[in-house]
file start.cif (mmCIF, C-alpha atoms)
data_start
#
loop_
_atom_site.group_PDB
_atom_site.id
_atom_site.type_symbol
_atom_site.label_atom_id
_atom_site.label_comp_id
_atom_site.auth_asym_id
_atom_site.auth_seq_id
_atom_site.Cartn_x
_atom_site.Cartn_y
_atom_site.Cartn_z
ATOM 1 C CA MET A 1 -9.034 3.886 -6.711
ATOM 2 C CA ARG A 2 -9.318 5.560 -3.362
ATOM 3 C CA PRO A 3 -5.944 6.627 -2.012
ATOM 4 C CA TYR A 4 -4.123 4.072 0.088
ATOM 5 C CA ALA A 5 -3.290 5.544 3.450
ATOM 6 C CA GLY A 6 0.155 4.425 4.411
ATOM 7 C CA GLY A 7 1.519 3.557 7.806
ATOM 8 C CA ARG A 8 2.095 0.366 9.711
ATOM 9 C CA ARG A 9 -0.850 -1.950 9.184
ATOM 10 C CA LEU A 10 -0.738 -5.204 11.037
ATOM 11 C CA GLY A 11 -0.998 -8.361 8.957
ATOM 12 C CA LEU A 12 -1.967 -6.703 5.690
ATOM 13 C CA GLY A 13 -0.693 -9.625 3.665
ATOM 14 C CA LEU A 14 -3.244 -11.697 5.521
ATOM 15 C CA VAL A 15 -5.895 -9.063 5.053
ATOM 16 C CA SER A 16 -5.234 -8.827 1.320
ATOM 17 C CA GLY A 17 -5.672 -12.559 0.963
ATOM 18 C CA LEU A 18 -8.740 -12.463 3.154
ATOM 19 C CA ILE A 19 -10.560 -9.881 1.080
ATOM 20 C CA SER A 20 -9.460 -11.111 -2.302
ATOM 21 C CA GLY A 21 -10.363 -14.694 -1.325
ATOM 22 C CA LEU A 22 -14.003 -14.112 -1.376
ATOM 23 C CA VAL A 23 -15.844 8.247 26.133
ATOM 24 C CA VAL A 24 -16.779 6.757 28.776
ATOM 25 C CA SER A 25 -14.616 4.131 30.512
ATOM 26 C CA LEU A 26 -16.420 0.883 29.894
ATOM 27 C CA SER A 27 -16.617 -1.303 32.928
ATOM 28 C CA GLY A 28 -16.269 -4.824 31.660
ATOM 29 C CA CYS A 29 -15.373 -5.953 28.152
ATOM 30 C CA GLN A 30 -15.351 -9.710 27.631
ATOM 31 C CA SER A 31 -12.200 -11.473 26.533
ATOM 32 C CA PRO A 32 -11.681 -15.109 25.487
ATOM 33 C CA GLY A 33 -11.111 -16.079 29.075
ATOM 34 C CA GLY A 34 -14.033 -14.132 30.533
ATOM 35 C CA ARG A 35 -14.593 -10.527 31.582
ATOM 36 C CA GLU A 36 -11.869 -8.019 32.254
ATOM 37 C CA PRO A 37 -11.978 -4.250 32.802
ATOM 38 C CA LEU A 38 -11.608 -1.996 29.774
ATOM 39 C CA ALA A 39 -8.976 0.730 29.733
ATOM 40 C CA ALA A 40 -9.525 3.997 28.137
ATOM 41 C CA THR A 41 -4.959 5.406 16.989
ATOM 42 C CA ARG A 42 -3.402 4.691 8.944
ATOM 43 C CA ALA A 43 -1.953 7.902 8.191
ATOM 44 C CA PRO A 44 -2.578 9.256 4.709
ATOM 45 C CA ALA A 45 -0.075 9.096 1.911
ATOM 46 C CA THR A 46 1.150 12.586 2.696
ATOM 47 C CA THR A 47 2.419 11.372 6.063
ATOM 48 C CA ALA A 48 5.736 9.548 6.210
ATOM 49 C CA PRO A 49 4.849 5.869 6.743
ATOM 50 C CA ALA A 50 6.237 3.823 9.582
ATOM 51 C CA PRO A 51 8.031 0.601 8.648
ATOM 52 C CA ALA A 52 5.604 -1.963 7.294
ATOM 53 C CA SER A 53 5.483 -5.545 8.403
ATOM 54 C CA PRO A 54 7.220 -7.963 6.000
ATOM 55 C CA SER A 55 3.912 -9.278 4.714
ATOM 56 C CA ALA A 56 2.290 -5.859 4.304
ATOM 57 C CA ALA A 57 0.511 -5.158 1.025
ATOM 58 C CA PRO A 58 -2.488 -2.960 0.209
ATOM 59 C CA SER A 59 -5.660 -4.971 0.581
ATOM 60 C CA LYS A 60 -8.167 -5.038 -2.272
ATOM 61 C CA PRO A 61 -11.828 -5.997 -2.308
ATOM 62 C CA SER A 62 -12.752 -9.096 -4.280
ATOM 63 C CA ALA A 63 -15.263 -9.575 -7.041
ATOM 64 C CA ARG A 64 -17.798 -9.871 -4.231
ATOM 65 C CA THR A 65 -16.948 -6.246 -3.444
ATOM 66 C CA TRP A 66 -16.305 -6.506 0.244
ATOM 67 C CA PRO A 67 -15.626 -3.109 1.768
ATOM 68 C CA GLY A 68 -11.911 -2.274 1.548
ATOM 69 C CA PRO A 69 -9.537 0.591 0.750
ATOM 70 C CA ASP A 70 -10.839 1.015 -2.802
ATOM 71 C CA ASN A 71 -14.498 1.560 -1.920
ATOM 72 C CA THR A 72 -14.469 3.184 1.529
ATOM 73 C CA GLY A 73 -12.965 6.399 2.852
ATOM 74 C CA VAL A 74 -12.671 9.719 1.017
ATOM 75 C CA PRO A 75 -13.403 9.209 -2.707
ATOM 76 C CA ASP A 76 -10.874 10.001 -5.389
ATOM 77 C CA GLY A 77 -10.764 13.591 -6.556
ATOM 78 C CA VAL A 78 -12.141 15.172 -3.375
ATOM 79 C CA ARG A 79 -10.047 18.175 -2.350
ATOM 80 C CA LEU A 80 -9.783 18.505 1.416
ATOM 81 C CA ARG A 81 -9.391 21.705 3.439
ATOM 82 C CA LYS A 82 -7.231 21.663 6.552
ATOM 83 C CA SER A 83 -8.978 22.037 9.889
ATOM 84 C CA GLY A 84 -8.391 21.670 13.570
ATOM 85 C CA SER A 85 -10.819 20.066 16.019
ATOM 86 C CA LEU A 86 -14.493 20.958 15.598
ATOM 87 C CA ARG A 87 -17.433 21.343 17.976
ATOM 88 C CA VAL A 88 -20.701 21.148 16.045
ATOM 89 C CA THR A 89 -23.660 22.868 17.746
ATOM 90 C CA LYS A 90 -26.067 23.652 14.855
ATOM 91 C CA ASP A 91 -28.813 21.160 13.995
ATOM 92 C CA GLY A 92 -28.588 19.862 10.446
ATOM 93 C CA GLN A 93 -25.043 21.102 9.867
ATOM 94 C CA VAL A 94 -23.042 19.404 7.088
ATOM 95 C CA ILE A 95 -19.282 18.912 7.415
ATOM 96 C CA ASP A 96 -17.926 18.173 3.939
ATOM 97 C CA GLY A 97 -14.401 17.969 2.524
ATOM 98 C CA LEU A 98 -12.263 18.597 5.592
ATOM 99 C CA ASP A 99 -8.907 17.203 6.683
ATOM 100 C CA VAL A 100 -9.221 17.418 10.446
ATOM 101 C CA THR A 101 -6.283 17.023 12.772
ATOM 102 C CA GLY A 102 -7.946 16.390 16.109
ATOM 103 C CA TYR A 103 -11.554 15.390 16.697
ATOM 104 C CA ILE A 104 -15.144 16.272 15.851
ATOM 105 C CA THR A 105 -17.603 16.566 18.740
ATOM 106 C CA VAL A 106 -21.268 16.645 17.726
ATOM 107 C CA GLU A 107 -23.616 18.474 20.096
ATOM 108 C CA ALA A 108 -26.560 18.885 17.698
ATOM 109 C CA ASP A 109 -29.116 16.740 15.865
ATOM 110 C CA ASP A 110 -29.108 15.488 12.270
ATOM 111 C CA VAL A 111 -25.488 16.389 11.552
ATOM 112 C CA THR A 112 -23.786 14.950 8.458
ATOM 113 C CA ILE A 113 -20.032 14.372 8.140
ATOM 114 C CA ARG A 114 -18.924 13.295 4.675
ATOM 115 C CA ASN A 115 -15.826 13.232 2.458
ATOM 116 C CA THR A 116 -13.728 14.014 5.512
ATOM 117 C CA ARG A 117 -10.522 12.684 6.964
ATOM 118 C CA VAL A 118 -10.060 12.768 10.737
ATOM 119 C CA ARG A 119 -6.511 12.341 11.967
ATOM 120 C CA GLY A 120 -7.193 11.513 15.552
ATOM 121 C CA THR A 121 -4.865 12.807 18.219
ATOM 122 C CA LYS A 122 -4.326 11.570 21.747
ATOM 123 C CA GLY A 123 -7.687 11.204 23.421
ATOM 124 C CA TRP A 124 -10.999 9.420 23.477
ATOM 125 C CA TRP A 125 -12.414 9.726 19.963
ATOM 126 C CA GLY A 126 -12.146 10.826 16.355
ATOM 127 C CA ILE A 127 -15.895 11.556 16.075
ATOM 128 C CA LEU A 128 -18.329 11.717 19.006
ATOM 129 C CA GLN A 129 -22.104 12.159 19.113
ATOM 130 C CA ARG A 130 -22.989 13.428 22.580
ATOM 131 C CA GLU A 131 -25.668 12.026 24.853
ATOM 132 C CA GLY A 132 -29.109 13.429 24.062
ATOM 133 C CA ARG A 133 -28.304 13.987 20.382
ATOM 134 C CA THR A 134 -29.462 11.926 17.422
ATOM 135 C CA GLY A 135 -29.311 11.586 13.647
ATOM 136 C CA LEU A 136 -25.575 11.764 13.023
ATOM 137 C CA THR A 137 -24.509 10.413 9.615
ATOM 138 C CA VAL A 138 -20.843 9.704 8.856
ATOM 139 C CA GLU A 139 -20.125 8.599 5.286
ATOM 140 C CA ASP A 140 -17.286 8.352 2.767
ATOM 141 C CA SER A 141 -14.737 9.331 5.384
ATOM 142 C CA GLU A 142 -11.552 8.031 7.017
ATOM 143 C CA ILE A 143 -10.718 8.078 10.709
ATOM 144 C CA PHE A 144 -7.410 6.964 12.199
ATOM 145 C CA GLY A 145 -4.973 7.539 15.020
ATOM 146 C CA ASN A 146 -1.336 8.521 14.707
ATOM 147 C CA GLY A 147 -0.088 5.146 15.961
ATOM 148 C CA LYS A 148 2.013 6.749 18.699
ATOM 149 C CA GLN A 149 -0.665 7.985 21.082
ATOM 150 C CA ARG A 150 -3.921 6.236 21.849
ATOM 151 C CA THR A 151 -7.104 7.333 20.134
ATOM 152 C CA GLN A 152 -9.563 5.077 21.902
ATOM 153 C CA PHE A 153 -12.541 5.232 19.526
ATOM 154 C CA GLY A 154 -12.839 6.008 15.835
ATOM 155 C CA ILE A 155 -16.553 6.792 16.242
ATOM 156 C CA LEU A 156 -18.187 6.901 19.680
ATOM 157 C CA ASN A 157 -21.965 7.294 19.909
ATOM 158 C CA GLN A 158 -23.264 8.347 23.317
ATOM 159 C CA GLY A 159 -26.519 9.578 21.797
ATOM 160 C CA ASN A 160 -29.377 7.943 19.933
ATOM 161 C CA LEU A 161 -29.453 7.101 16.216
ATOM 162 C CA ILE A 162 -26.351 7.111 14.057
ATOM 163 C CA THR A 163 -25.569 5.979 10.502
ATOM 164 C CA VAL A 164 -22.036 4.976 9.471
ATOM 165 C CA ARG A 165 -21.573 4.207 5.773
ATOM 166 C CA ARG A 166 -18.474 3.555 3.603
ATOM 167 C CA VAL A 167 -16.103 4.674 6.338
ATOM 168 C CA ASP A 168 -12.506 3.452 6.705
ATOM 169 C CA ILE A 169 -11.399 3.277 10.355
ATOM 170 C CA HIS A 170 -8.029 1.989 11.551
ATOM 171 C CA THR A 171 -5.035 2.502 13.863
ATOM 172 C CA ILE A 172 -7.337 3.061 16.837
ATOM 173 C CA SER A 173 -8.076 1.022 19.965
ATOM 174 C CA ASN A 174 -11.784 0.556 19.137
ATOM 175 C CA GLY A 175 -13.397 1.230 15.769
ATOM 176 C CA ILE A 176 -17.105 2.022 16.249
ATOM 177 C CA HIS A 177 -19.017 1.983 19.514
ATOM 178 C CA THR A 178 -22.789 2.360 19.308
ATOM 179 C CA ASN A 179 -25.768 0.590 20.843
ATOM 180 C CA GLN A 180 -28.209 1.542 18.062
ATOM 181 C CA GLY A 181 -28.281 2.725 14.472
ATOM 182 C CA LEU A 182 -26.847 1.419 11.211
ATOM 183 C CA VAL A 183 -23.250 0.492 10.365
ATOM 184 C CA GLU A 184 -22.860 -0.649 6.765
ATOM 185 C CA ASP A 185 -20.408 -0.951 3.856
ATOM 186 C CA SER A 186 -17.495 0.086 6.069
ATOM 187 C CA TYR A 187 -13.931 -1.167 6.559
ATOM 188 C CA VAL A 188 -12.837 -1.331 10.185
ATOM 189 C CA HIS A 189 -9.433 -2.890 10.652
ATOM 190 C CA ASP A 190 -5.854 -2.942 11.933
ATOM 191 C CA PRO A 191 -6.247 -1.679 15.489
ATOM 192 C CA LYS A 192 -3.342 -0.278 17.433
ATOM 193 C CA TYR A 193 -2.705 -1.857 20.815
ATOM 194 C CA PHE A 194 -1.707 0.161 23.862
ATOM 195 C CA ASP A 195 -1.083 -1.308 27.297
ATOM 196 C CA GLY A 196 -4.326 -2.211 29.036
ATOM 197 C CA ASP A 197 -6.519 -1.963 25.945
ATOM 198 C CA HIS A 198 -9.366 -4.110 24.854
ATOM 199 C CA THR A 199 -9.778 -3.798 21.104
ATOM 200 C CA ASP A 200 -12.991 -4.250 19.119
ATOM 201 C CA MET A 201 -13.754 -3.162 15.591
ATOM 202 C CA ILE A 202 -17.538 -2.739 15.981
ATOM 203 C CA MET A 203 -19.005 -2.949 19.463
ATOM 204 C CA SER A 204 -22.069 -2.345 21.586
ATOM 205 C CA THR A 205 -22.175 -2.438 25.373
ATOM 206 C CA GLY A 206 -25.888 -2.592 26.080
ATOM 207 C CA PRO A 207 -29.344 -2.643 24.532
ATOM 208 C CA PRO A 208 -30.461 -0.081 21.962
ATOM 209 C CA ALA A 209 -32.678 2.795 23.009
ATOM 210 C CA ARG A 210 -36.355 1.879 23.128
ATOM 211 C CA GLY A 211 -37.911 1.871 19.672
ATOM 212 C CA THR A 212 -34.569 1.495 17.913
ATOM 213 C CA GLU A 213 -32.305 -1.354 16.845
ATOM 214 C CA LEU A 214 -28.698 -1.946 15.872
ATOM 215 C CA ILE A 215 -27.958 -3.159 12.328
ATOM 216 C CA ILE A 216 -24.393 -4.157 11.370
ATOM 217 C CA ARG A 217 -24.555 -5.019 7.666
ATOM 218 C CA HIS A 218 -22.021 -5.725 4.904
ATOM 219 C CA ASN A 219 -18.850 -4.531 6.599
ATOM 220 C CA THR A 220 -15.300 -5.838 6.596
ATOM 221 C CA ALA A 221 -14.208 -6.041 10.228
ATOM 222 C CA ILE A 222 -10.684 -7.356 10.793
ATOM 223 C CA ASN A 223 -9.042 -7.387 14.205
ATOM 224 C CA THR A 224 -5.412 -8.356 13.663
ATOM 225 C CA LEU A 225 -4.841 -8.758 17.425
ATOM 226 C CA ASP A 226 -5.620 -11.682 19.716
ATOM 227 C CA GLN A 227 -8.224 -9.717 21.676
ATOM 228 C CA THR A 228 -11.012 -8.752 21.838
ATOM 229 C CA GLY A 229 -13.351 -9.081 18.787
ATOM 230 C CA ALA A 230 -14.188 -8.079 15.229
ATOM 231 C CA ILE A 231 -17.816 -7.564 16.278
ATOM 232 C CA ALA A 232 -18.599 -7.514 19.999
ATOM 233 C CA LEU A 233 -22.072 -7.394 21.547
ATOM 234 C CA PHE A 234 -21.457 -6.961 25.272
ATOM 235 C CA GLN A 235 -23.741 -6.708 28.305
ATOM 236 C CA ASP A 236 -21.768 -4.106 30.243
ATOM 237 C CA PHE A 237 -24.807 -1.863 30.740
ATOM 238 C CA GLY A 238 -27.782 -4.092 30.008
ATOM 239 C CA VAL A 239 -29.108 -7.169 28.234
ATOM 240 C CA THR A 240 -28.391 -7.383 24.503
ATOM 241 C CA ARG A 241 -31.465 -7.276 22.256
ATOM 242 C CA ASP A 242 -32.664 -6.176 18.798
ATOM 243 C CA VAL A 243 -29.395 -6.540 16.889
ATOM 244 C CA THR A 244 -28.883 -7.780 13.329
ATOM 245 C CA VAL A 245 -25.384 -8.810 12.174
ATOM 246 C CA GLN A 246 -25.718 -9.691 8.501
ATOM 247 C CA GLY A 247 -23.475 -10.248 5.496
ATOM 248 C CA ASN A 248 -20.188 -9.160 7.048
ATOM 249 C CA LEU A 249 -16.640 -10.407 6.410
ATOM 250 C CA LEU A 250 -15.091 -11.076 9.829
ATOM 251 C CA ALA A 251 -11.684 -12.138 11.086
ATOM 252 C CA GLY A 252 -9.392 -12.023 14.080
ATOM 253 C CA GLY A 253 -9.642 -11.001 17.705
ATOM 254 C CA GLY A 254 -9.878 -13.374 20.650
ATOM 255 C CA TRP A 255 -13.319 -14.523 19.556
ATOM 256 C CA THR A 256 -14.212 -13.051 16.168
ATOM 257 C CA LEU A 257 -17.816 -12.502 17.261
ATOM 258 C CA TYR A 258 -19.113 -11.970 20.788
ATOM 259 C CA ALA A 259 -22.765 -12.760 20.161
ATOM 260 C CA GLY A 260 -24.620 -11.034 22.992
ATOM 261 C CA ALA A 261 -24.931 -13.438 25.911
ATOM 262 C CA GLY A 262 -23.857 -12.286 29.356
ATOM 263 C CA ALA A 263 -24.458 -12.213 33.081
ATOM 264 C CA LYS A 264 -27.233 -9.610 33.055
ATOM 265 C CA GLY A 265 -29.806 -11.791 31.290
ATOM 266 C CA VAL A 266 -30.780 -13.767 28.200
ATOM 267 C CA SER A 267 -30.338 -11.878 24.944
ATOM 268 C CA SER A 268 -33.261 -11.607 22.531
ATOM 269 C CA ASN A 269 -33.901 -10.741 18.885
ATOM 270 C CA VAL A 270 -30.226 -11.151 18.001
ATOM 271 C CA LYS A 271 -29.972 -12.218 14.357
ATOM 272 C CA VAL A 272 -26.632 -13.400 12.957
ATOM 273 C CA ILE A 273 -27.149 -14.149 9.263
ATOM 274 C CA ASP A 274 -24.970 -14.913 6.221
ATOM 275 C CA ASN A 275 -21.653 -13.733 7.625
ATOM 276 C CA VAL A 276 -18.318 -15.029 6.326
ATOM 277 C CA PHE A 277 -15.639 -15.867 8.883
ATOM 278 C CA SER A 278 -11.996 -16.168 7.832
ATOM 279 C CA ARG A 279 -9.055 -18.120 9.261
ATOM 280 C CA ARG A 280 -6.498 -15.803 7.657
ATOM 281 C CA VAL A 281 -5.640 -13.922 10.851
ATOM 282 C CA TRP A 282 -5.916 -16.889 13.248
ATOM 283 C CA PRO A 283 -6.415 -20.573 12.358
ATOM 284 C CA LYS A 284 -9.600 -20.689 14.442
ATOM 285 C CA GLY A 285 -10.959 -17.406 13.066
ATOM 286 C CA GLY A 286 -10.218 -15.691 16.355
ATOM 287 C CA ALA A 287 -7.330 -16.724 18.584
ATOM 288 C CA ALA A 288 -9.843 -18.742 20.637
ATOM 289 C CA GLY A 289 -12.463 -19.400 17.965
ATOM 290 C CA PRO A 290 -15.041 -17.833 15.644
ATOM 291 C CA VAL A 291 -17.915 -17.155 18.056
ATOM 292 C CA SER A 292 -18.727 -17.126 21.737
ATOM 293 C CA TYR A 293 -21.483 -15.864 24.063
ATOM 294 C CA TRP A 294 -24.423 -17.018 21.928
ATOM 295 C CA ASP A 295 -27.780 -17.542 23.649
ATOM 296 C CA HIS A 296 -29.281 -20.573 21.896
ATOM 297 C CA GLU A 297 -32.590 -20.206 23.725
ATOM 298 C CA GLY A 298 -32.908 -16.438 23.522
ATOM 299 C CA PRO A 299 -36.375 -15.498 22.219
ATOM 300 C CA GLY A 300 -36.170 -14.334 18.620
ATOM 301 C CA ASN A 301 -32.487 -15.188 18.323
ATOM 302 C CA LEU A 302 -31.524 -16.509 14.886
ATOM 303 C CA TRP A 303 -28.252 -18.065 13.692
ATOM 304 C CA ARG A 304 -28.382 -18.846 9.963
ATOM 305 C CA GLY A 305 -26.103 -19.136 6.937
ATOM 306 C CA ASN A 306 -22.826 -18.270 8.671
ATOM 307 C CA THR A 307 -19.874 -19.920 6.948
ATOM 308 C CA TRP A 308 -16.119 -20.133 6.777
ATOM 309 C CA GLU A 309 -14.316 -18.401 3.967
ATOM 310 C CA GLY A 310 -13.887 -21.140 1.367
ATOM 311 C CA GLY A 311 -16.821 -23.161 2.679
ATOM 312 C CA GLY A 312 -18.020 -24.916 5.793
ATOM 313 C CA THR A 313 -20.787 -24.071 8.223
ATOM 314 C CA ILE A 314 -20.147 -22.359 11.564
ATOM 315 C CA THR A 315 -22.325 -23.422 14.484
ATOM 316 C CA PRO A 316 -21.894 -21.700 17.862
ATOM 317 C CA GLY A 317 -20.961 -23.936 20.769
#
call {"tool": "encode", "arguments": {"input": "start.cif", "output": "structure tokens"}}
result
Amino acid sequence: MRPYAGGRRLGLGLVSGLISGLVVSLSGCQSPGGREPLAATRAPATTAPAPASPSAAPSKPSARTWPGPDNTGVPDGVRLRKSGSLRVTKDGQVIDGLDVTGYITVEADDVTIRNTRVRGTKGWWGILQREGRTGLTVEDSEIFGNGKQRTQFGILNQGNLITVRRVDIHTISNGIHTNQGLVEDSYVHDPKYFDGDHTDMIMSTGPPARGTELIIRHNTAINTLDQTGAIALFQDFGVTRDVTVQGNLLAGGGWTLYAGAGAKGVSSNVKVIDNVFSRRVWPKGGAAGPVSYWDHEGPGNLWRGNTWEGGGTITPG
């Protein structure tokens, strides 16, 4: 069993039932009531935990093996070496087995970060891939804030392609922000709210780079707040296109899924397939409902096989 990282985790009793039952300042995140401006952190077992909520209990994946604390993050038996913040400038560099207090800034191509814990400090990110860089892979790692000072993003991708796999991200304002690449088998949950925040577990804010796409596949994304989303496809910097959201377990937020529509144009090639939405955080899935901002007439858009936990079809309004 992968080590449970202690600390205050919002609504974990709900999350346990849910799973077992089955920077740049961004200029305009959407909330249940419309668009508002966006303002710009789980500590491991070795850190003294903050008081837990009365319902708190470690969440466990079900027989369906949803991503959770037992199958994401740093694997059992990996010995970590202490480190401060890192700036990576060598193409192809591998960061393996570190316990970083601070952040990792990637200014090179084809970098791999694995078996690493990033204890984010006050600032914009835990891990950042800079503009103009590509090929970052983050896998079998844990990223979290300290819960007292805002870490705005767990992983922020300003560059091109990125792969995020089996990563546990929590106690941050926003989990993963990327417009292209692959996010899979990861557990993004329990955000920490600071005044003025919008909070999203997995988000994009514009179209992917030409010739690429965004795939969000088989993740557990749980936003235990009433804003903004578990998965959010926004049009802050362009029209949403070429996104696949498939086979995820989703709960919470204002709307659990913001599905890509917006004022800049009609979304296209957005495929939302075989996702499971839960009412365990909010009775409607999200505080306002399960899904909003879906373009029914968008060319290539596909909504298929999306259901409630326990049964029942979800159809966007």
call {"tool": "resolve_selection", "arguments": {"input": "start.cif", "expression": "the PyMOL selection byres ((chain A and resi 200-210) around 8)", "output": "mmCIF file with C-alpha atoms, in the frame of the given file"}}
result
data_model
loop_
_atom_site.group_PDB
_atom_site.id
_atom_site.type_symbol
_atom_site.label_atom_id
_atom_site.label_comp_id
_atom_site.auth_asym_id
_atom_site.auth_seq_id
_atom_site.Cartn_x
_atom_site.Cartn_y
_atom_site.Cartn_z
ATOM 1 C CA ASN A 160 -29.377 7.943 19.933
ATOM 2 C CA SER A 173 -8.076 1.022 19.965
ATOM 3 C CA ASN A 174 -11.784 0.556 19.137
ATOM 4 C CA GLY A 175 -13.397 1.230 15.769
ATOM 5 C CA ILE A 176 -17.105 2.022 16.249
ATOM 6 C CA HIS A 177 -19.017 1.983 19.514
ATOM 7 C CA THR A 178 -22.789 2.360 19.308
ATOM 8 C CA ASN A 179 -25.768 0.590 20.843
ATOM 9 C CA GLN A 180 -28.209 1.542 18.062
ATOM 10 C CA VAL A 188 -12.837 -1.331 10.185
ATOM 11 C CA HIS A 189 -9.433 -2.890 10.652
ATOM 12 C CA PRO A 191 -6.247 -1.679 15.489
ATOM 13 C CA HIS A 198 -9.366 -4.110 24.854
ATOM 14 C CA THR A 199 -9.778 -3.798 21.104
ATOM 15 C CA GLY A 211 -37.911 1.871 19.672
ATOM 16 C CA THR A 212 -34.569 1.495 17.913
ATOM 17 C CA GLU A 213 -32.305 -1.354 16.845
ATOM 18 C CA LEU A 214 -28.698 -1.946 15.872
ATOM 19 C CA ALA A 221 -14.208 -6.041 10.228
ATOM 20 C CA ILE A 222 -10.684 -7.356 10.793
ATOM 21 C CA ASN A 223 -9.042 -7.387 14.205
ATOM 22 C CA GLN A 227 -8.224 -9.717 21.676
ATOM 23 C CA THR A 228 -11.012 -8.752 21.838
ATOM 24 C CA GLY A 229 -13.351 -9.081 18.787
ATOM 25 C CA ALA A 230 -14.188 -8.079 15.229
ATOM 26 C CA ILE A 231 -17.816 -7.564 16.278
ATOM 27 C CA ALA A 232 -18.599 -7.514 19.999
ATOM 28 C CA LEU A 233 -22.072 -7.394 21.547
ATOM 29 C CA PHE A 234 -21.457 -6.961 25.272
ATOM 30 C CA GLN A 235 -23.741 -6.708 28.305
ATOM 31 C CA ASP A 236 -21.768 -4.106 30.243
ATOM 32 C CA PHE A 237 -24.807 -1.863 30.740
ATOM 33 C CA GLY A 238 -27.782 -4.092 30.008
ATOM 34 C CA VAL A 239 -29.108 -7.169 28.234
ATOM 35 C CA THR A 240 -28.391 -7.383 24.503
ATOM 36 C CA ARG A 241 -31.465 -7.276 22.256
ATOM 37 C CA ASP A 242 -32.664 -6.176 18.798
ATOM 38 C CA GLY A 253 -9.642 -11.001 17.705
#
call {"tool": "closest_residue", "arguments": {"input": "start.cif", "among": "A:Gln149, A:Gln93, A:Thr224, A:Ser186", "to": "A:Asp110", "atoms": "all atoms listed in the file"}}
result
A:Gln93
call {"tool": "residues_around", "arguments": {"input": "start.cif", "residues": "stretch 124-128 of chain A", "least_positions_apart": "6", "cutoff": "9 Å", "atoms": "all atoms listed in the file", "output": "PyMOL selection string"}}
result
chain A and resi 23-24+40+102-107+118+138+143-145+150-159+172
call {"tool": "write_last_selection", "arguments": {"input": "start.cif", "atoms": "C-alpha atoms", "output": "tab-separated table (two decimals), keeping the file's coordinate frame"}}
result
chain	number	residue	atom	x	y	z
A	23	VAL	CA	-15.84	8.25	26.13
A	24	VAL	CA	-16.78	6.76	28.78
A	40	ALA	CA	-9.52	4.00	28.14
A	102	GLY	CA	-7.95	16.39	16.11
A	103	TYR	CA	-11.55	15.39	16.70
A	104	ILE	CA	-15.14	16.27	15.85
A	105	THR	CA	-17.60	16.57	18.74
A	106	VAL	CA	-21.27	16.64	17.73
A	107	GLU	CA	-23.62	18.47	20.10
A	118	VAL	CA	-10.06	12.77	10.74
A	138	VAL	CA	-20.84	9.70	8.86
A	143	ILE	CA	-10.72	8.08	10.71
A	144	PHE	CA	-7.41	6.96	12.20
A	145	GLY	CA	-4.97	7.54	15.02
A	150	ARG	CA	-3.92	6.24	21.85
A	151	THR	CA	-7.10	7.33	20.13
A	152	GLN	CA	-9.56	5.08	21.90
A	153	PHE	CA	-12.54	5.23	19.53
A	154	GLY	CA	-12.84	6.01	15.84
A	155	ILE	CA	-16.55	6.79	16.24
A	156	LEU	CA	-18.19	6.90	19.68
A	157	ASN	CA	-21.96	7.29	19.91
A	158	GLN	CA	-23.26	8.35	23.32
A	159	GLY	CA	-26.52	9.58	21.80
A	172	ILE	CA	-7.34	3.06	16.84
call {"tool": "atom_distance", "arguments": {"input": "start.cif", "atom1": "atom CA of A:Arg119", "atom2": "atom CA of A:Tyr193"}}
result
17.2 Å
call {"tool": "atom_distance", "arguments": {"input": "start.cif", "atom1": "atom CA of A:Gly68", "atom2": "atom CA of A:Thr220"}}
result
7.0 Å
